[in-house]
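What follows is the content of entry_11.cif (mmCIF, C-alpha atoms and all ligand atoms).
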```cif
data_query
#
loop_
_atom_site.label_atom_id
_atom_site.label_comp_id
_atom_site.auth_asym_id
_atom_site.auth_seq_id
_atom_site.Cartn_x
_atom_site.Cartn_y
_atom_site.Cartn_z
CA MET A 1 46.47 92.60 79.08
CA THR A 2 46.76 96.34 78.76
CA THR A 3 49.60 97.95 76.81
CA GLN A 4 51.10 99.13 80.06
CA GLN A 5 51.06 95.61 81.46
CA LYS A 6 52.70 94.31 78.29
CA ILE A 7 55.43 96.93 78.50
CA LEU A 8 55.97 96.10 82.13
CA HIS A 9 56.13 92.42 81.37
CA ILE A 10 58.58 92.85 78.52
CA SER A 11 60.79 95.17 80.54
CA GLY A 12 60.71 92.66 83.36
CA THR A 13 61.86 89.90 81.04
CA VAL A 14 64.59 92.07 79.51
CA ALA A 15 65.74 93.16 82.95
CA SER A 16 65.85 89.52 84.09
CA PHE A 17 68.09 88.71 81.17
CA VAL A 18 70.29 91.67 81.98
CA LEU A 19 70.64 90.41 85.54
CA LEU A 20 71.41 86.86 84.51
CA TRP A 21 73.87 88.13 81.95
CA THR A 22 75.52 90.28 84.65
CA LEU A 23 75.80 87.22 86.86
CA TRP A 24 77.20 85.20 84.00
CA ILE A 25 79.83 87.87 83.27
CA THR A 26 80.60 87.99 86.99
CA ASP A 27 81.03 84.26 87.00
CA ARG A 28 83.41 84.39 84.03
CA TYR A 29 85.37 87.09 85.81
CA ILE A 30 85.64 84.96 88.95
CA ASP A 31 86.79 82.11 86.77
CA PHE A 32 89.49 84.36 85.40
CA LEU A 33 90.58 85.39 88.90
CA LEU A 34 90.67 81.80 90.11
CA GLN A 35 92.65 80.72 87.06
CA LYS A 36 95.12 83.50 87.66
CA ARG A 37 95.50 82.41 91.26
CA ALA A 38 95.82 78.78 90.26
CA ASN A 39 98.59 79.68 87.82
CA GLU A 40 100.53 81.29 90.63
CA ARG A 41 100.43 78.02 92.53
CA ALA A 42 100.51 76.04 89.38
CA LEU A 43 102.05 72.65 89.93
CA PRO A 44 100.31 69.60 91.34
CA ARG A 45 101.62 67.78 94.40
CA THR A 46 105.00 66.13 93.89
CA LYS A 47 105.61 62.58 94.98
CA ARG A 48 107.74 62.22 98.09
CA ILE A 49 110.84 60.10 97.70
CA ARG A 50 113.24 58.55 100.16
CA PHE A 51 116.52 60.42 100.30
CA SER A 52 119.77 58.53 100.33
CA ASP A 53 122.01 58.72 103.38
CA GLU A 54 124.62 60.31 101.14
CA LEU A 55 122.26 63.15 100.17
CA ARG A 56 121.18 63.66 103.78
CA ARG A 57 124.80 63.89 104.84
CA ARG A 58 125.60 66.35 102.06
CA ILE A 59 122.73 68.64 103.03
CA ARG A 60 123.63 68.48 106.71
CA ARG A 61 127.27 69.25 106.02
CA LYS A 62 126.32 72.26 103.90
CA GLN A 63 124.55 73.70 106.95
CA ASN A 64 127.35 72.84 109.39
CA SER A 65 124.94 70.36 111.02
CA LEU A 66 122.72 73.19 112.21
CA CYS A 67 118.97 73.58 111.77
CA MET A 68 118.36 76.22 109.11
CA TYR A 69 115.78 78.04 111.21
CA CYS A 70 116.63 77.67 114.89
CA GLY A 71 120.31 76.71 114.67
CA VAL A 72 120.08 73.68 116.95
CA THR A 73 122.70 71.00 116.32
CA LEU A 74 121.33 68.28 114.10
CA ASN A 75 121.97 64.62 114.60
CA ARG A 76 120.61 61.48 113.00
CA ARG A 77 117.58 61.42 115.27
CA ASN A 78 116.28 64.99 115.14
CA MET A 79 117.18 65.85 111.55
CA HIS A 80 114.37 66.18 109.03
CA ILE A 81 114.85 66.90 105.35
CA ASP A 82 112.45 69.69 104.46
CA HIS A 83 111.24 70.78 101.04
CA ILE A 84 111.92 74.52 100.88
CA TYR A 85 109.01 74.81 98.49
CA PRO A 86 106.62 72.10 99.70
CA VAL A 87 105.77 69.03 97.64
CA GLU A 88 102.13 69.93 98.32
CA HIS A 89 102.61 72.88 96.01
CA GLY A 90 104.72 70.99 93.48
CA GLY A 91 108.15 71.59 95.04
CA SER A 92 110.85 69.37 93.57
CA ASN A 93 112.97 66.69 95.21
CA ASN A 94 116.17 68.25 93.88
CA GLN A 95 118.85 69.19 96.34
CA GLU A 96 118.37 72.93 95.73
CA ASN A 97 114.84 72.55 97.12
CA LEU A 98 115.96 70.69 100.23
CA GLN A 99 117.18 71.90 103.59
CA ALA A 100 117.85 70.27 106.93
CA LEU A 101 115.59 71.25 109.81
CA CYS A 102 115.18 69.98 113.32
CA ALA A 103 111.96 68.03 113.92
CA GLY A 104 110.37 70.96 115.78
CA CYS A 105 111.00 73.51 113.03
CA ASN A 106 109.88 71.08 110.36
CA MET A 107 106.56 70.46 112.14
CA ARG A 108 106.11 74.17 112.59
CA LYS A 109 106.71 74.81 108.93
CA GLY A 110 104.19 72.22 107.73
CA VAL A 111 103.15 72.99 104.15
CA GLN A 112 104.17 76.63 104.34
CA THR A 113 106.77 77.69 101.85
CA ASP A 114 110.15 78.87 103.10
CA SER A 115 109.29 82.48 102.30
CA GLU A 116 105.88 82.20 103.99
CA PHE A 117 107.60 80.74 107.06
CA ARG A 118 110.28 83.44 107.11
CA GLU A 119 107.61 86.09 106.66
CA ARG A 120 105.60 84.79 109.59
CA TYR A 121 108.67 84.53 111.86
CA ARG A 122 110.33 87.61 110.44
CA GLU A 123 111.20 88.86 113.93
CA LEU A 124 113.57 85.90 114.19
CA LEU A 125 114.58 85.00 110.66
CA PRO A 126 116.06 87.06 107.84
CA PRO A 127 114.19 87.02 104.52
CA VAL A 128 115.79 85.11 101.66
CA GLN A 129 117.85 87.44 99.54
CA ALA A 130 118.55 86.91 95.89
CA GLY A 131 122.12 85.82 95.27
CA TYR A 132 122.79 84.68 98.84
CA SER A 133 122.26 81.14 99.89
CA PRO A 134 120.54 81.12 103.28
CA ALA A 135 122.53 80.00 106.30
CA PRO A 136 121.52 78.81 109.75
CA PRO A 137 121.43 81.52 112.44
CA ILE A 138 124.74 82.24 114.14
CA GLU A 139 123.22 81.90 117.58
CA ARG A 140 120.67 79.29 118.45
CA ILE A 141 117.08 80.58 118.62
CA PRO A 142 115.12 78.76 121.34
CA GLN A 143 111.89 77.04 120.26
CA SER A 144 110.03 79.08 122.89
CA MET A 145 110.62 82.21 120.80
CA PHE A 146 109.09 80.52 117.78
CA PHE A 147 106.26 79.22 119.94
CA GLU A 148 105.54 82.72 121.20
CA ILE A 149 105.02 83.95 117.63
CA THR A 150 103.05 80.84 116.69
CA SER A 151 100.56 81.41 119.49
CA ARG A 152 100.42 85.14 118.87
CA THR A 153 99.48 84.56 115.23
CA ARG A 154 97.25 81.58 115.91
CA GLN A 155 94.04 83.59 115.90
CA LEU A 156 94.83 84.56 112.36
CA GLU A 157 95.52 80.93 111.47
CA SER A 158 92.24 79.67 112.89
CA THR A 159 90.42 82.37 110.96
CA ARG A 160 92.20 81.20 107.84
CA ALA A 161 91.30 77.58 108.58
CA ARG A 162 87.64 78.51 108.89
CA ARG A 163 87.86 80.45 105.67
CA ARG A 164 89.48 77.51 103.92
CA ALA A 165 86.62 75.28 105.05
CA VAL A 166 84.10 77.76 103.72
CA PHE A 167 85.88 78.01 100.39
CA LYS A 168 86.80 74.38 100.15
CA THR A 169 85.26 74.02 96.74
CA PRO A 170 85.12 77.71 95.91
CA ARG A 171 84.35 77.21 92.29
CA GLN A 172 81.14 75.26 92.97
CA LYS A 173 80.16 77.55 95.81
CA ILE A 174 80.51 80.67 93.74
CA ASN A 175 78.71 79.03 90.84
CA SER A 176 75.77 77.92 92.93
CA GLY A 177 75.81 81.25 94.74
CA SER A 178 75.55 83.16 91.47
CA ILE A 179 72.82 80.92 90.12
CA THR A 180 70.82 81.00 93.35
CA THR A 181 71.10 84.77 93.52
CA GLY A 182 70.00 85.08 89.90
CA VAL A 183 67.03 82.75 90.30
CA VAL A 184 65.86 84.26 93.58
CA VAL A 185 66.12 87.84 92.33
CA GLY A 186 64.40 86.78 89.09
CA ILE A 187 61.47 85.21 90.92
CA VAL A 188 61.12 88.16 93.27
CA TRP A 189 61.17 90.45 90.27
CA PHE A 190 58.51 88.50 88.50
CA PHE A 191 56.14 88.75 91.43
CA VAL A 192 56.89 92.35 92.20
CA THR A 193 56.41 93.50 88.62
CA ALA A 194 53.73 91.13 87.31
CA VAL A 195 51.59 90.65 90.41
CA ILE A 196 51.90 93.58 92.77
CA PHE A 197 52.49 96.34 90.23
CA GLY A 198 50.81 94.41 87.45
CA SER A 199 48.37 97.20 86.65
CA GLY A 200 51.27 99.23 85.29
CA SER A 201 52.52 102.20 87.23
CA ALA A 202 55.62 104.19 87.97
CA ALA A 203 56.14 101.92 90.95
CA GLY A 204 56.43 98.96 88.58
CA TYR A 205 59.29 100.58 86.70
CA ILE A 206 60.94 101.70 89.89
CA SER A 207 60.85 98.10 91.09
CA LEU A 208 62.49 97.01 87.84
CA PHE A 209 65.36 99.41 88.31
CA GLY A 210 65.50 98.44 91.95
CA GLY A 211 65.86 94.85 90.80
CA VAL A 212 68.68 95.74 88.44
CA ILE A 213 70.48 97.57 91.24
CA VAL A 214 69.98 94.66 93.63
CA GLY A 215 71.31 92.31 90.95
CA LEU A 216 74.34 94.48 90.35
CA LEU A 217 75.02 94.75 94.09
CA ALA A 218 74.78 90.97 94.36
CA ALA A 219 77.23 90.64 91.48
CA ILE A 220 79.63 93.14 93.06
CA GLY A 221 79.33 91.26 96.35
CA ILE A 222 80.27 88.01 94.67
CA ILE A 223 83.25 89.59 92.93
CA TRP A 224 84.39 91.15 96.17
CA ARG A 225 84.13 87.81 97.92
CA ALA A 226 86.11 86.10 95.22
CA LYS A 227 88.79 88.73 95.13
CA TYR A 228 89.47 89.53 98.75
CA THR A 229 88.74 86.44 100.76
CA GLY A 230 92.12 84.96 100.06
CA ARG A 231 93.60 81.70 98.98
CA PHE A 232 90.93 79.42 97.70
CA ASP A 233 93.10 76.49 96.77
CA GLU A 234 95.21 76.35 99.85
CA GLU A 235 95.41 73.11 101.76
CA GLY A 236 95.65 72.77 105.52
CA GLU A 237 98.88 73.73 107.24
ZN ZN B 1 115.04 74.02 114.24
#
```
With the file now loaded, output its structure as structure tokens.
Amino acid sequence: MTTQQKILHISGTVASFVLLWTLWITDRYIDFLLQKRANERALPRTKRIRFSDELRRRIRRKQNSLCMYCGVTLNRRNMHIDHIYPVEHGGSNNQENLQALCAGCNMRKGVQTDSEFRERYRELLPPVQAGYSPAPPIERIPQSMFFEITSRTRQLESTRARRRAVFKTPRQKINSGSITTGVVVGIVWFFVTAVIFGSGSAAGYISLFGGVIVGLLAAIGIIWRAKYTGRFDEEGE
């Protein structure tokens, strides 16, 4: 082995470590981002309980027997008790977290939170304001108006569903993605530096820096993916 080859080899090894270290740091950073996100949606699923007739009556009376979202008159048959903040996200079974909805509105809401629902149907519903307890609409809003918005925003929903499937176990995917990227780039590096440019030349060093840049771009790509592709932990609607 010539001195030049040795230098090339050592730089290759050092550069590989730099890349793997970069990926490791990236991974830690993603961990941090995921943890932050998880903290925002902190609580585990709450157990559903059966509500007493007395509680159901009290909630219905508070809303003048009207559905909180569409204002339809509620009766025993079409009234659902909805968790304003869903049990899926740790919403409580206390009365302050409960509202009466008609069956249609309740189905439409699914596991969305009240504020997510109001945001999506903001053309029809006022946002919740601090200090005011929400009230059913004064005039009844026909389901067809809700349906129109649902179908208009469906494209977005299906995109989100696909994204959720892709990021179902985001942690593992990102981990394996980082490791695979690191290993692949490392192997490519090894061959490029040790075999093709093994005799030691400017091209060898250029390839090393090229490798570092590729590694960094991969790392940036992974961070970008983690940061901007949305809600990893979200369950189906
Ligand atoms: Zn309704």
I'd like a table as a tab-separated table: residues in chain A with an atom no more than 9 Å from ligand ZN 1 (chain B), each row giving the shortest atom pair and its distance in Å to one decimal, all atoms listed in the file counted, sorted by chain and rising residue number.
```
residue	atom	partner	partner_atom	distance
A:Leu66	CA	B:ZN1	ZN	8.0
A:Cys67	CA	B:ZN1	ZN	4.7
A:Met68	CA	B:ZN1	ZN	6.5
A:Tyr69	CA	B:ZN1	ZN	5.1
A:Cys70	CA	B:ZN1	ZN	4.0
A:Gly71	CA	B:ZN1	ZN	5.9
A:Val72	CA	B:ZN1	ZN	5.7
A:Thr73	CA	B:ZN1	ZN	8.5
A:Leu74	CA	B:ZN1	ZN	8.5
A:Met79	CA	B:ZN1	ZN	8.9
A:Ala100	CA	B:ZN1	ZN	8.7
A:Leu101	CA	B:ZN1	ZN	5.3
A:Cys102	CA	B:ZN1	ZN	4.1
A:Ala103	CA	B:ZN1	ZN	6.7
A:Gly104	CA	B:ZN1	ZN	5.8
A:Cys105	CA	B:ZN1	ZN	4.2
A:Asn106	CA	B:ZN1	ZN	7.1
A:Arg140	CA	B:ZN1	ZN	8.8
A:Ile141	CA	B:ZN1	ZN	8.1
A:Pro142	CA	B:ZN1	ZN	8.5
A:Gln143	CA	B:ZN1	ZN	7.4
```
_For CA of Lys47 in chain A and CA of Arg60 in chain A, the interatomic separation in Å (one decimal)_ =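 One can read the CA of Lys47 in chain A to CA of Arg60 in chain A distance as 22.3 Å.
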*Straight-line distance linking CA of Glu123 in chain A with CA of Met145 in chain A, stated in Å to one decimal*: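 Computing the Euclidean distance for CA of Glu123 in chain A and CA of Met145 in chain A yields 9.6 Å.
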*In Å, how far is it from CA of Pro134 in chain A to CA of Arg154 in chain A?*
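These two atoms are separated by 26.5 Å.
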*asked:* Restricting the calculation to all atoms listed in the file: of A:Val185, A:Glu139, A:Arg50, A:Val128, which residue gets closest to Asp114 in chain A?
replied: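 Nearest to Asp114 in chain A: A:Val128.
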